[in-house]
Structures are given as C-alpha cells and as structure tokens.
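Taking it in order: structure first as structure tokens, then the write-up.
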Amino acid sequence: MNIAFPLCKKPFSILLLTIFLSTSSFSQHYVAKDVKVTILSTMLAQQGIGEWGFSALIEVDSNKLLFDAGGRERTVLENAKELNIDLSTVPTLVLSHWHDDHTKGWLTLRKAMVSVAPTALSKTHVAKVFFDVRFSNDGKDSSSRKKDSTAYVYTGGKIIEHRFFEEILPGVYVTGNVPRVYNEKNYYPEAKLKSADNHFIEDNIPDDMSLVIATKEGLVLISGCGHAGIINTITHINKNLAGQSVIAAIGGFHLLKSSDEQIQWTADNLKKAGVKYFMGAHCTGIDAVYQIRNYLSLKRGDCVVGSVGDTFDIHNGFTCGDLNR
Ligand SMILES: [Zn+2]
Ligand SMILES: [Zn+2]
C-alpha cells in the first residue's frame, strides 16, 4: 500500500498546516465565558413546587434558553415566578425527548409568554423521532406531541429538528440522536414505535437529546432523562468535540433502577471522561448520586441531588439549599 506516499510528497509547510488545522479545530469554536444553570423542575424542592419532571434555565454569556418544560402544565411558570426569573426574555427552548414529564409545560409556557413578548420561547429544538406516533401495548396510538406542535406553530412558534450534533447558539450544542454504542438501556420499554416496514418495535426513545456548552474550563452537559445513557451521550460528545472533557453533568440520568454494577460501570466511565461536578436531578436516583460521589471521590458540594432553585455556575460550582448540599 502506498497511502502514506502522497502525504510525504506534500511540501513541509502544507503538512504542518494540515496537522495544525486538524489538531486545532476545537479552538476555532466559540468558547463561553459564563455559564449559569438554574433548576426549575425536579422532584426535590426547598423553594417552589416539586414534581416528577425536569426543566432548567441555561444562561450562556448573553444568551438564555430553557431546557425542558416540566411535568405539569404550570410548574415551570410558577417556579420561575417564585425564583424571580423572567421567562419572557428567553427566546429558545430545547426539549430533551417526547415524554410528558419534560413537555407538559411547553404550550402553557409559550401561550403565557407570547402576550408579553412574541419572541419568548418562540424557537423549539427537538431531535428527530420526537414527533413520531407512539403505540401502547394494546395498540392504541398517541400523537400528543404532533398535536402540541400544530398548536405551537399556530402561536407563531418555530420548530427545528436535529438528527446530528449541531451548534444552536455560540458555544451551545445539541447532540441530536445519540448512537447507542453501549447497552445502557436507561429507560422502561413502555411504548412502541412503527418501523419503516410497518412492524412494532420497542421505543428506546431515539429522540433523547442532550445539551452541551463549551467553556474554557471544559464542557457542561445538561440531560433531561438520559434515556440514551450518559456514557453513550458523552461518547457521542467526545466524537464531535474532540479534545474537550465533560467536566460537569447536570440533570436526569435515569439510574434509579440500575444495579450497583451498572452504577459502578457508569461511575468508572464518568471518571475517565473527567467529570468533576455532578448533579443528579429528576430520575437519576438519590442513592445513585451518593454512589457516584463515592466512586469519583468527589466533595459533598460537587456531587449533589438536584433541587428546584439550585444553581450551577462555571466559576463557583453548585449553590444548593440546606436540604441537599
Ligand atoms: Zn423520559
Ligand atoms: Zn423524565
């Protein structure tokens, strides 16, 4: 084979330029200076209302976005009010996957905000398959998200679907559909999808999508339910933003029914990935958070159970209530 030969024929300066471009591709991307995450929906609440659901406000330099919309129609609206957060200044929404506990507030929030500011929550990002019809075991179909989308577009909202890893704001990425390299199976097989050849197949929530923020300190990962698996998600991120460690993982990671062996395997891989801050909210499981803290030898304040009103700041780490710090 003479594959190497043409490369050797390149002038030395071109060869150096090629090496420089391939190793410095990440440094050409926007890197956020400030990142703040505020939890607006999860089970534990010292302020506001606790519920089975997830939502967080993400502030990246001058941009703001809402990640997930809570499990009940008004939870995020009420909690934002109690925490003095003005959602009318937030133009963008990312929905992690189709499940009700992340999407129930979607229309309520948009309708409540549109009269204050037409651009508020006017752009919604989802992954492909989010709007596909789901079927229950007795064959009944549900197209709730499709119906929601029609009502959302009617308010003037715009929906953007992602199959691939993509930058949606400077330094802010969505993962799109996450390849399932490892068999993490962090979901319950509750619903079915129809395959292209019209057969029922297990709904492994192919639309499960996370958010990634690039900072000088490293990458910040925000997850809704983590059905794709946190290690599959980090593997996918590492492939797309090579050379950057995920230093913070925040959100729901669906480890609540995982065995001790699965949690240890997850923790081993989080350690290899370089995770220094971990907030397990929503479906992560309280004991799973403590096991991860132990396996990763993290300080109490750097590995916490998420609670409504808790914040993460890229410069100062977590600020939590008395109940969970
Ligand atoms: Zn879910
Ligand atoms: Zn969930």
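Following the order of the structure tokens, chains are lettered A, B, ..., residues in each are numbered from 1, and ligands are numbered from 1.
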Exercise. Running DSSP on the backbone, which parts of stretch 85-265 of chain A land in strand (DSSP E), as an NGL selection string?
Worked result: :A and (92-94 or 123-127 or 134-135 or 141-142 or 158-162 or 166-169 or 172-174 or 192-194 or 200-202 or 211-214 or 219-223 or 246-252)
Exercise. Could you list, as JSON, numbers by chain, all the residues within 7 Å of ligand 1, counting only C-alpha atoms and all ligand atoms?
Worked result: {"A": [97, 99, 101, 225, 227]}
Written selection (all heavy atoms) as a PDB file, in the first residue's frame:
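Now in result.pdb:
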ATOM      1  N   HIS A  97     -36.776  15.113  25.032  1.00  0.00           N
ATOM      2  CA  HIS A  97     -37.433  13.956  24.402  1.00  0.00           C
ATOM      3  C   HIS A  97     -38.937  14.095  24.583  1.00  0.00           C
ATOM      4  O   HIS A  97     -39.414  15.019  25.241  1.00  0.00           O
ATOM      5  CB  HIS A  97     -36.915  12.632  24.972  1.00  0.00           C
ATOM      6  CG  HIS A  97     -37.188  12.415  26.429  1.00  0.00           C
ATOM      7  ND1 HIS A  97     -36.679  13.226  27.407  1.00  0.00           N
ATOM      8  CD2 HIS A  97     -37.927  11.468  27.077  1.00  0.00           C
ATOM      9  CE1 HIS A  97     -37.081  12.784  28.590  1.00  0.00           C
ATOM     10  NE2 HIS A  97     -37.845  11.727  28.420  1.00  0.00           N
ATOM     11  N   HIS A  99     -41.408  12.515  26.189  1.00  0.00           N
ATOM     12  CA  HIS A  99     -42.175  12.142  27.383  1.00  0.00           C
ATOM     13  C   HIS A  99     -42.855  13.346  28.045  1.00  0.00           C
ATOM     14  O   HIS A  99     -42.274  14.438  28.119  1.00  0.00           O
ATOM     15  CB  HIS A  99     -41.271  11.450  28.400  1.00  0.00           C
ATOM     16  CG  HIS A  99     -40.943  10.026  28.041  1.00  0.00           C
ATOM     17  ND1 HIS A  99     -39.867   9.351  28.558  1.00  0.00           N
ATOM     18  CD2 HIS A  99     -41.584   9.159  27.211  1.00  0.00           C
ATOM     19  CE1 HIS A  99     -39.848   8.121  28.059  1.00  0.00           C
ATOM     20  NE2 HIS A  99     -40.869   7.976  27.241  1.00  0.00           N
ATOM     21  N   ASP A 101     -43.309  14.182  31.095  1.00  0.00           N
ATOM     22  CA  ASP A 101     -42.692  14.843  32.256  1.00  0.00           C
ATOM     23  C   ASP A 101     -41.630  15.883  31.872  1.00  0.00           C
ATOM     24  O   ASP A 101     -41.071  16.548  32.744  1.00  0.00           O
ATOM     25  CB  ASP A 101     -42.112  13.812  33.252  1.00  0.00           C
ATOM     26  CG  ASP A 101     -41.171  12.815  32.619  1.00  0.00           C
ATOM     27  OD1 ASP A 101     -41.339  12.509  31.425  1.00  0.00           O
ATOM     28  OD2 ASP A 101     -40.257  12.332  33.319  1.00  0.00           O
ATOM     29  N   CYS A 225     -33.637  13.149  30.717  1.00  0.00           N
ATOM     30  CA  CYS A 225     -33.902  11.858  31.365  1.00  0.00           C
ATOM     31  C   CYS A 225     -32.734  10.896  31.145  1.00  0.00           C
ATOM     32  O   CYS A 225     -32.676   9.853  31.777  1.00  0.00           O
ATOM     33  CB  CYS A 225     -35.164  11.226  30.785  1.00  0.00           C
ATOM     34  SG  CYS A 225     -36.477  10.953  31.982  1.00  0.00           S
ATOM     35  N   HIS A 227     -32.125   8.873  28.666  1.00  0.00           N
ATOM     36  CA  HIS A 227     -32.518   7.551  28.163  1.00  0.00           C
ATOM     37  C   HIS A 227     -31.474   6.960  27.215  1.00  0.00           C
ATOM     38  O   HIS A 227     -31.348   5.736  27.113  1.00  0.00           O
ATOM     39  CB  HIS A 227     -33.862   7.632  27.448  1.00  0.00           C
ATOM     40  CG  HIS A 227     -34.998   7.980  28.349  1.00  0.00           C
ATOM     41  ND1 HIS A 227     -35.280   7.276  29.499  1.00  0.00           N
ATOM     42  CD2 HIS A 227     -35.933   8.964  28.271  1.00  0.00           C
ATOM     43  CE1 HIS A 227     -36.341   7.816  30.081  1.00  0.00           C
ATOM     44  NE2 HIS A 227     -36.752   8.842  29.370  1.00  0.00           N
TER      45      HIS A 227
END
Exercise. Near stretch 35-52 of chain A, counting only C-alpha atoms, which residues have an atom at most 7 Å away, once you skip same-chain residues fewer than 3 positions from it, shown as number ranges by chain?
Worked result: A: 55-61, 70-71, 75-76, 79-80, 82, 101, 281-282, 306-314, 321
Problem set entry | Residue among A:Glu73, A:Glu161, A:Asp208, A:Asp34 lying closest to ligand 2, counting only C-alpha atoms and all ligand atoms | A:Asp208
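Near A:Leu296, within a cut-off of 9 Å and counting only C-alpha atoms, sit the residues Ala267, Asp268, Leu270, Lys271, Val275 and Lys276 of chain A, with same-chain residues fewer than 6 positions away left out.
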For this session: Would you mind reading off the distance between atom CA of A:Lys33 and atom CA of A:Leu219, one decimal, in Å?
Result: 11.8 Å
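The smallest atom-to-atom distance between ligand 2 and any of A:Val246, A:Leu255, A:Leu241, A:Val305, using only C-alpha atoms and all ligand atoms, is found for A:Leu255.
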Exercise. Given the choices A:Pro170, A:Gly229, A:Gly251, A:Gly139, which gets closest to A:Ala191 if the distance is worked out from only C-alpha atoms?
Worked result: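 Using only C-alpha atoms, A:Ala191 sits closest to A:Gly139.
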For this session: List every residue of stretch 53-258 of chain A that DSSP, applied to the backbone of this structure, places in alpha helix (DSSP H), and write the result as a ChimeraX atom specification.
Result: /A:75-82,100-103,106-114,144-154,230-240
For this session: Would you kindly return, as a list in words, each protein, DNA or RNA residue with an atom no farther than 9 Å from any atom of A:Leu87, considering only C-alpha atoms and excluding same-chain residues fewer than 3 positions away?
Result: Leu57, Leu66, Leu77, Ala80, Lys81, Val90, Pro91, Leu109, Met113, Ala120 and Leu121 of chain A
Write a file of the just-selected residues containing N, CA and C atoms, as a PDB file, in the first residue's frame.
ATOM      1  N   LEU A  57     -33.243  26.544  33.466  1.00  0.00           N
ATOM      2  CA  LEU A  57     -32.890  27.734  32.701  1.00  0.00           C
ATOM      3  C   LEU A  57     -31.372  27.722  32.509  1.00  0.00           C
ATOM      4  N   LEU A  66     -34.317  27.774  27.653  1.00  0.00           N
ATOM      5  CA  LEU A  66     -34.980  26.885  28.603  1.00  0.00           C
ATOM      6  C   LEU A  66     -34.784  25.459  28.103  1.00  0.00           C
ATOM      7  N   LEU A  77     -43.800  27.672  35.105  1.00  0.00           N
ATOM      8  CA  LEU A  77     -44.316  29.037  35.170  1.00  0.00           C
ATOM      9  C   LEU A  77     -44.335  29.542  36.626  1.00  0.00           C
ATOM     10  N   ALA A  80     -40.692  29.696  38.192  1.00  0.00           N
ATOM     11  CA  ALA A  80     -39.940  30.845  37.668  1.00  0.00           C
ATOM     12  C   ALA A  80     -40.373  32.122  38.389  1.00  0.00           C
ATOM     13  N   LYS A  81     -41.692  32.240  38.599  1.00  0.00           N
ATOM     14  CA  LYS A  81     -42.231  33.420  39.288  1.00  0.00           C
ATOM     15  C   LYS A  81     -41.653  33.495  40.707  1.00  0.00           C
ATOM     16  N   VAL A  90     -36.534  34.879  27.369  1.00  0.00           N
ATOM     17  CA  VAL A  90     -35.878  33.639  26.912  1.00  0.00           C
ATOM     18  C   VAL A  90     -36.482  33.233  25.566  1.00  0.00           C
ATOM     19  N   PRO A  91     -35.721  33.366  24.476  1.00  0.00           N
ATOM     20  CA  PRO A  91     -36.335  33.082  23.157  1.00  0.00           C
ATOM     21  C   PRO A  91     -36.335  31.605  22.755  1.00  0.00           C
ATOM     22  N   LEU A 109     -46.404  27.477  28.637  1.00  0.00           N
ATOM     23  CA  LEU A 109     -45.353  28.491  28.754  1.00  0.00           C
ATOM     24  C   LEU A 109     -45.368  29.442  27.554  1.00  0.00           C
ATOM     25  N   MET A 113     -46.329  33.480  27.618  1.00  0.00           N
ATOM     26  CA  MET A 113     -45.276  34.453  27.305  1.00  0.00           C
ATOM     27  C   MET A 113     -45.565  35.275  26.046  1.00  0.00           C
ATOM     28  N   ALA A 120     -40.675  35.355  22.877  1.00  0.00           N
ATOM     29  CA  ALA A 120     -40.378  34.497  24.040  1.00  0.00           C
ATOM     30  C   ALA A 120     -40.721  33.042  23.746  1.00  0.00           C
ATOM     31  N   LEU A 121     -39.759  32.163  23.979  1.00  0.00           N
ATOM     32  CA  LEU A 121     -39.916  30.714  23.762  1.00  0.00           C
ATOM     33  C   LEU A 121     -40.486  30.408  22.373  1.00  0.00           C
TER      34      LEU A 121
END
Problem set entry | Pick from A:Thr103, A:Asn204, A:Asn198, A:Asn63 nearest to ligand 2, counting only C-alpha atoms and all ligand atoms | A:Thr103
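Restricting the calculation to only C-alpha atoms, the smallest distance between A:Leu65 and any of A:Val114, A:Leu107, A:Ile222, A:Leu83 is found for A:Ile222.
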Exercise. Which is closer to ligand 2 than all the others in A:Ser223, A:Thr215, A:Ser144, A:Thr150, using only C-alpha atoms and all ligand atoms?
Worked result: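 Of all the options, A:Ser223 lies closest to ligand 2.
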For this session: Extract, using only C-alpha atoms, all DNA, RNA and protein residues at most 12 Å from A:Ile230, discarding same-chain residues fewer than 3 positions from it, and format them as a ChimeraX atom specification.
Result: /A:175,178-187,208-211,221-227,233-237,246,248-255,262-263,265-270,273,275,278,280,284
Problem set entry | Spatial neighbours of A:Arg293, 8 Å, only C-alpha atoms, chain gap at least 6 places, as a PyMOL selection string | chain A and resi 299-300+303
